[in-house]
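Contents: one structure, followed by commentary.
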Amino acid sequence: MASTPHVVVIGGGSTGIGIARDLAMRDLDVTLVEQGNLTHGTTGRMHGLLHSGGRYAVSDQASAKECIQENRVLRDIASHCVEMTGGMFVKRPEDSEEYFQKKLDGCRECDIPAEVISGEEARKREPHLAKDIDKAIAVPDGAIDPFRLVVANAASAEQHGARIETHSPVTDLLIEDGEVVGVEVEHKSGPGIRVHGTEGGTEEIRADYIVNASGAWAGQIGDMADVDIEVRPSKGVMTIMNIRQVDTVINRCRPKGDADIVVPHETTAILGTTDEEVEDPEDYPEEQWEVDLMIDTLKELVPMLDEARTIRSFWGVRPLYEPPDVGSEDPTDITRDFFLLDHEERDDLPGMTSIVGGKFTTYRLMAEKISDHVCEQFGIERECRTADEPLPGSEDFSVLRDYMEEFGLRSPVGRRSVERLGSRADEVLKTDDPNPVICECEGVTRAEVQDAIEQSGSDLNAVRIRTRASMGNCQGGMCVHRLASELHEANVDGETFDETVAREAWDELLQERWKGQRHALWGQQLSQAMLNYALHATTQNRDNDPADGEPIDFAAFDAGADASGEPGGADVAADGGERDGY
């Protein structure tokens with residue numbers, strides 16, 4: 001072992017990246033590997049709720065207490081990622097009075113600030129609530145941007161010396177003499193930032209310790225070492241509306257059930273969710289009835305949802321875990337607490353620990369606990385600092401106030417940019433070059449896009465999660481080609497992206513934006529999808545672009561039409577391809 005232990009963290013979600021940051025801040029040598037983009041798994045597929053703990057105040061008070069503790073921490077260290085919207089647990093006439101009282105008592109027992117307000121007061125705060133809402137419990141829920149938070153953690157980890165490798169799935173664990181000593185990964189485009197069209201390769205990364213923080217995939221990593229990690233993946237659907245119908249998190253005050261929360265998030269509202277156990281976190285049905293359930297049930301709380309425009313739906317998989325001797329049949333009964341599985345103690349396999357379960361809001365606490373555990377393995381006594389040191393972008397949030405004064409509060413683009421960048425606004429936005437808006441829906445400027453490309457390479461989906469470009473109402477219809485244009489000939493660490501790279505990245509982002517709209521194709525969003533198709537498949541020919549295939553013989557058109565009336569000969573099609581009939 002080197003004088004500084006080398007730890008490999010598997011998984012680039014909130015927990016994994018939190019662990020990488022924590023260990024790097026304690027001066028350990030850290031490499032994180034992730035099979036896709038950061039937030040590829042559960043973290044990138046959640047409703048953006050910063051829990052007050054109120055949702056667990058009756059059923060799981062240990063988790064509720066952790067939530068309110070970390071809620072307060074994240075408001076301090078990640079202020080540019082958090083919007084303190086407040087939350088309400090609302091009661092309809094048919095909902096249980098007894099349960100309402102249990103919820104109130106549970107919040108108070110867990111040190112969660114809770115206030116009972118009348119239905120009239122609730123509607124003053126949120127005018128679009130149903131007229132028959134009886135009353136509500138107000139709690140300090142909030143909205144949090146998971147993409148921004150994870151990217152900020154990754155930036156901090158790298159600043160402290162960590163190596164972050166995305167698009168690098170683990171293909172095997174290296175085991176010698178009964179001990180895990182490293183991982184084998186398959187880089188999709190070589191180590192470092194992703195560049196489309198670059199040949200990848202296999203790398204063996206040897207380490208003194210492995211942390212399996214792969215969430216719903218933890219069992220698959222365990223299988224590589226013949227250890228059983230019984231994660232019980234549970235899928236849930238989220239549906240995104242085109243505007244914020246509410247500005248406060250709205251929870252239905254009733255025992256467990258589907259479709260019971262509306263979270264205002266950035267320019268949208270997210271409806272959630274369901275809880276259905278699945279076998280495979282990558283392969284499960286995404287069904288229309290689940291989306292319909294969101295609208296049909298939640299319109300009982302916010303009636304205007306019945307006629308509102310849906311822009312996309314997505315499914316996430318919770319990495320639920322419970323000890324094998326519990327045996328819950330219903331996934332809603334499984335605790336949301338987290339578990340640290342030391343495989344030396346549990347399976348006689350030294351060199352690896354897995355962390356499973358938990359919630360996004362408690363990611364930092366989970367990372368602290370497992371980082372303590374890793375340090376104990378090497379006799380290292382260094383305190384965790386992640387609860388006290390702000391993330392990049394939140395170090396000095398007075399920058400936001402200063403910029404708002406500079407923009408005179410009249411520029412919505414300036415406001416949105418600074419809210420996203422936080423204390424990095426000065427670094428990114430102060431430029432002498434033209435800085436037009438690239439994405440009108442989300443108010444994303446060229447400077448932000450170029451900053452994201454410097455971090456992401458040619459991966460426009462990674463640019464998306466850093467900036468929110470293409471995540472608005474048009475779902476990229478008006479901006480993905482502009483993003484590709486910004487990528488073309490961009491220079492990142494001496495790497496220039498040519499037309500082929502830009503086209504491949506463009507197509508990949510189009511496909512990602514399309515797949516979430518399949519369950520929203522009615523009304524205005526169907527019209528939007530057809531407009532997007534006209535723009536990108538027809539006008540720009542992205543569904544069959546000859547420039548992506550064999551070189552075009554433009555000279556074949558130079559002589560004009562021949563005697564048959566065909567341009568350049570009967571075998572040449574108008575799009576540069578071959579004619580083979582009608």
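For the structure tokens, the naming scheme is as follows: chains receive sequential letters (A, B, ...) according to their order of presentation, residues are indexed from 1 within each chain, and ligands are indexed from 1 in presentation order.
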
Just the helix (DSSP H, G or I) stuff from segment 76-309 of chain A, please, per backbone DSSP, written as a ChimeraX atom specification. /A:76-77,79-81,97-109,119-125,146-159,215-223,288-298,303-307

With DSSP run on the backbone, what are the strand (DSSP E or B) residues within segment 260-475 of chain A? I'd like them as a PyMOL selection string. chain A and resi 261-265+268-272+276-277+310-321+338-342+352-357+437-439+444-445+457

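Residues in contact with segment 457-472 of chain A at 7 Å, where only C-alpha atoms are counted and same-chain residues fewer than 2 positions away are skipped, are listed as Asn37, Phe147, Arg148, Ile193, Arg194, Val195, His196, Cys439, Cys441, Glu442, Val444, Glu448, Val449, Ala452, Ile453, Glu454, Gln455, Cys474, Gln475, Gly476, Cys479, Val480, Leu487, Val492, Ala505 and Leu509 of chain A.
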
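Note that atom CA of Phe89 of chain A and atom CA of Phe360 of chain A are 20.2 Å apart.
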
Compile the contact shell of Val374 of chain A as a ChimeraX atom specification: residues with an atom at most 10 Å away, counting only C-alpha atoms, same-chain residues fewer than 4 positions apart removed. /A:5,7,23,28,209-211,342,351-353,368-370,378-380

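Residues in contact with Ile137 of chain A at up to 10 Å, not including ones fewer than 5 positions away on its chain and judged by only C-alpha atoms, are Gly54, Gly87, Met88, Phe89, Val90, Lys91, Phe100, Gln101, Lys103, Leu104, Cys107, Pro113, Ala114, Glu115, Val116, Ile117, Ser118, Ala122, Asn251 and Cys253 of chain A.
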
Mind checking which residues fall within 10 Å of Glu279 of chain A, counting only C-alpha atoms, ignoring those fewer than 3 positions away in the same chain, and posting them as a ChimeraX atom specification? /A:231-235,282-284

Could you save the residues just selected, with N, CA, C and O atoms, as a PDB file, in the first residue's frame?
```pdb
ATOM      1  N   VAL A 231     -30.404  -5.772  -3.126  1.00  0.00           N
ATOM      2  CA  VAL A 231     -31.098  -4.518  -3.390  1.00  0.00           C
ATOM      3  C   VAL A 231     -32.438  -4.855  -4.040  1.00  0.00           C
ATOM      4  O   VAL A 231     -32.539  -5.740  -4.876  1.00  0.00           O
ATOM      5  N   ARG A 232     -33.466  -4.148  -3.619  1.00  0.00           N
ATOM      6  CA  ARG A 232     -34.797  -4.353  -4.185  1.00  0.00           C
ATOM      7  C   ARG A 232     -35.200  -3.102  -4.965  1.00  0.00           C
ATOM      8  O   ARG A 232     -35.771  -2.172  -4.410  1.00  0.00           O
ATOM      9  N   PRO A 233     -34.870  -3.055  -6.258  1.00  0.00           N
ATOM     10  CA  PRO A 233     -35.172  -1.857  -7.046  1.00  0.00           C
ATOM     11  C   PRO A 233     -36.682  -1.623  -7.131  1.00  0.00           C
ATOM     12  O   PRO A 233     -37.459  -2.551  -7.355  1.00  0.00           O
ATOM     13  N   SER A 234     -37.082  -0.382  -6.957  1.00  0.00           N
ATOM     14  CA  SER A 234     -38.494  -0.013  -7.029  1.00  0.00           C
ATOM     15  C   SER A 234     -38.635   1.182  -7.954  1.00  0.00           C
ATOM     16  O   SER A 234     -38.020   2.228  -7.719  1.00  0.00           O
ATOM     17  N   LYS A 235     -39.424   1.034  -9.002  1.00  0.00           N
ATOM     18  CA  LYS A 235     -39.549   2.119  -9.980  1.00  0.00           C
ATOM     19  C   LYS A 235     -40.632   3.108  -9.558  1.00  0.00           C
ATOM     20  O   LYS A 235     -41.599   2.777  -8.867  1.00  0.00           O
ATOM     21  N   GLU A 282     -32.369  -1.492 -15.197  1.00  0.00           N
ATOM     22  CA  GLU A 282     -32.208  -0.956 -16.546  1.00  0.00           C
ATOM     23  C   GLU A 282     -33.355  -1.348 -17.470  1.00  0.00           C
ATOM     24  O   GLU A 282     -33.558  -0.725 -18.507  1.00  0.00           O
ATOM     25  N   ASP A 283     -34.109  -2.386 -17.115  1.00  0.00           N
ATOM     26  CA  ASP A 283     -35.095  -2.947 -18.039  1.00  0.00           C
ATOM     27  C   ASP A 283     -36.406  -3.180 -17.306  1.00  0.00           C
ATOM     28  O   ASP A 283     -36.564  -4.166 -16.581  1.00  0.00           O
ATOM     29  N   TYR A 284     -37.345  -2.284 -17.473  1.00  0.00           N
ATOM     30  CA  TYR A 284     -38.649  -2.397 -16.836  1.00  0.00           C
ATOM     31  C   TYR A 284     -39.665  -1.635 -17.690  1.00  0.00           C
ATOM     32  O   TYR A 284     -39.316  -0.729 -18.450  1.00  0.00           O
TER      33      TYR A 284
END
```

Expressed in Å, the length from atom CA of Ala484 of chain A to atom CA of Ala534 of chain A is 17.8 Å

Kindly indicate which residue among A:Asp141, A:Glu300, A:Asp76, A:Asp451 lies nearest to Pro93 of chain A, using only C-alpha atoms for the distances. A:Glu300

Using only C-alpha atoms, I'd like a table of the residues in segment 193-263 of chain A that come within 9 Å of segment 45-50 of chain A; for each, show the closest atom pair and its distance in Å rounded to one decimal, ordered by chain and ascending number, as CSV.
```
residue,atom,partner,partner_atom,distance
A:Gly236,CA,A:Met46,CA,8.6
A:Val237,CA,A:Arg45,CA,8.8
A:Met238,CA,A:His47,CA,6.6
A:Thr239,CA,A:His47,CA,8.9
A:Val249,CA,A:Leu49,CA,8.0
A:Val262,CA,A:His47,CA,8.6
A:Val263,CA,A:Leu49,CA,6.5
```

Of the listed residues A:Ala502, A:Ile144, A:Val185, A:Leu74, that which approaches Thr202 of chain A most closely, counting only C-alpha atoms: A:Val185

Measuring between only C-alpha atoms, which one of A:Val151, A:Ala216, A:Ile164, A:Ala57 shows the shortest distance to Asp29 of chain A? A:Ile164

Contacts of segment 426-431 of chain A at 8 Å (only C-alpha atoms; same-chain gap of 3+ positions) as a PyMOL selection string: chain A and resi 399+423+434-435+447-448+451

Dump as a CSV table (one decimal), in the first residue's frame, selection limited to all heavy atoms:
```
chain,number,residue,atom,x,y,z
A,399,VAL,N,-22.8,37.2,-4.1
A,399,VAL,CA,-22.6,37.4,-5.6
A,399,VAL,C,-23.9,37.5,-6.3
A,399,VAL,O,-24.1,38.3,-7.2
A,399,VAL,CB,-21.7,36.4,-6.2
A,399,VAL,CG1,-21.6,36.5,-7.7
A,399,VAL,CG2,-20.3,36.4,-5.6
A,423,SER,N,-21.9,31.6,-6.9
A,423,SER,CA,-20.7,32.4,-6.8
A,423,SER,C,-19.7,32.3,-7.9
A,423,SER,O,-18.7,33.0,-8.0
A,423,SER,CB,-20.0,32.1,-5.4
A,423,SER,OG,-19.7,30.8,-5.4
A,434,PRO,N,-19.4,38.3,-27.4
A,434,PRO,CA,-20.8,38.3,-27.5
A,434,PRO,C,-21.3,37.1,-26.7
A,434,PRO,O,-20.7,36.0,-26.7
A,434,PRO,CB,-21.1,38.1,-29.0
A,434,PRO,CG,-19.9,38.6,-29.7
A,434,PRO,CD,-18.7,38.3,-28.8
A,435,ASN,N,-22.4,37.3,-26.0
A,435,ASN,CA,-23.0,36.3,-25.1
A,435,ASN,C,-24.5,36.2,-25.3
A,435,ASN,O,-25.3,36.4,-24.4
A,435,ASN,CB,-22.7,36.6,-23.6
A,435,ASN,CG,-23.0,35.5,-22.7
A,435,ASN,OD1,-23.0,34.3,-23.1
A,435,ASN,ND2,-23.3,35.8,-21.4
A,447,ALA,N,-22.0,31.8,-22.8
A,447,ALA,CA,-20.9,31.7,-21.8
A,447,ALA,C,-21.1,30.5,-20.9
A,447,ALA,O,-20.1,29.8,-20.6
A,447,ALA,CB,-20.8,33.0,-21.0
A,448,GLU,N,-22.3,30.2,-20.5
A,448,GLU,CA,-22.6,29.0,-19.7
A,448,GLU,C,-22.4,27.8,-20.5
A,448,GLU,O,-21.8,26.8,-20.0
A,448,GLU,CB,-24.1,29.1,-19.2
A,448,GLU,CG,-24.4,30.1,-18.2
A,448,GLU,CD,-25.8,30.1,-17.8
A,448,GLU,OE1,-26.2,29.3,-17.0
A,448,GLU,OE2,-26.6,30.9,-18.4
A,451,ASP,N,-18.7,27.2,-20.9
A,451,ASP,CA,-18.1,26.7,-19.6
A,451,ASP,C,-18.4,25.2,-19.4
A,451,ASP,O,-17.6,24.5,-18.9
A,451,ASP,CB,-18.7,27.6,-18.5
A,451,ASP,CG,-18.3,27.1,-17.1
A,451,ASP,OD1,-17.1,27.1,-16.8
A,451,ASP,OD2,-19.2,26.6,-16.3
```
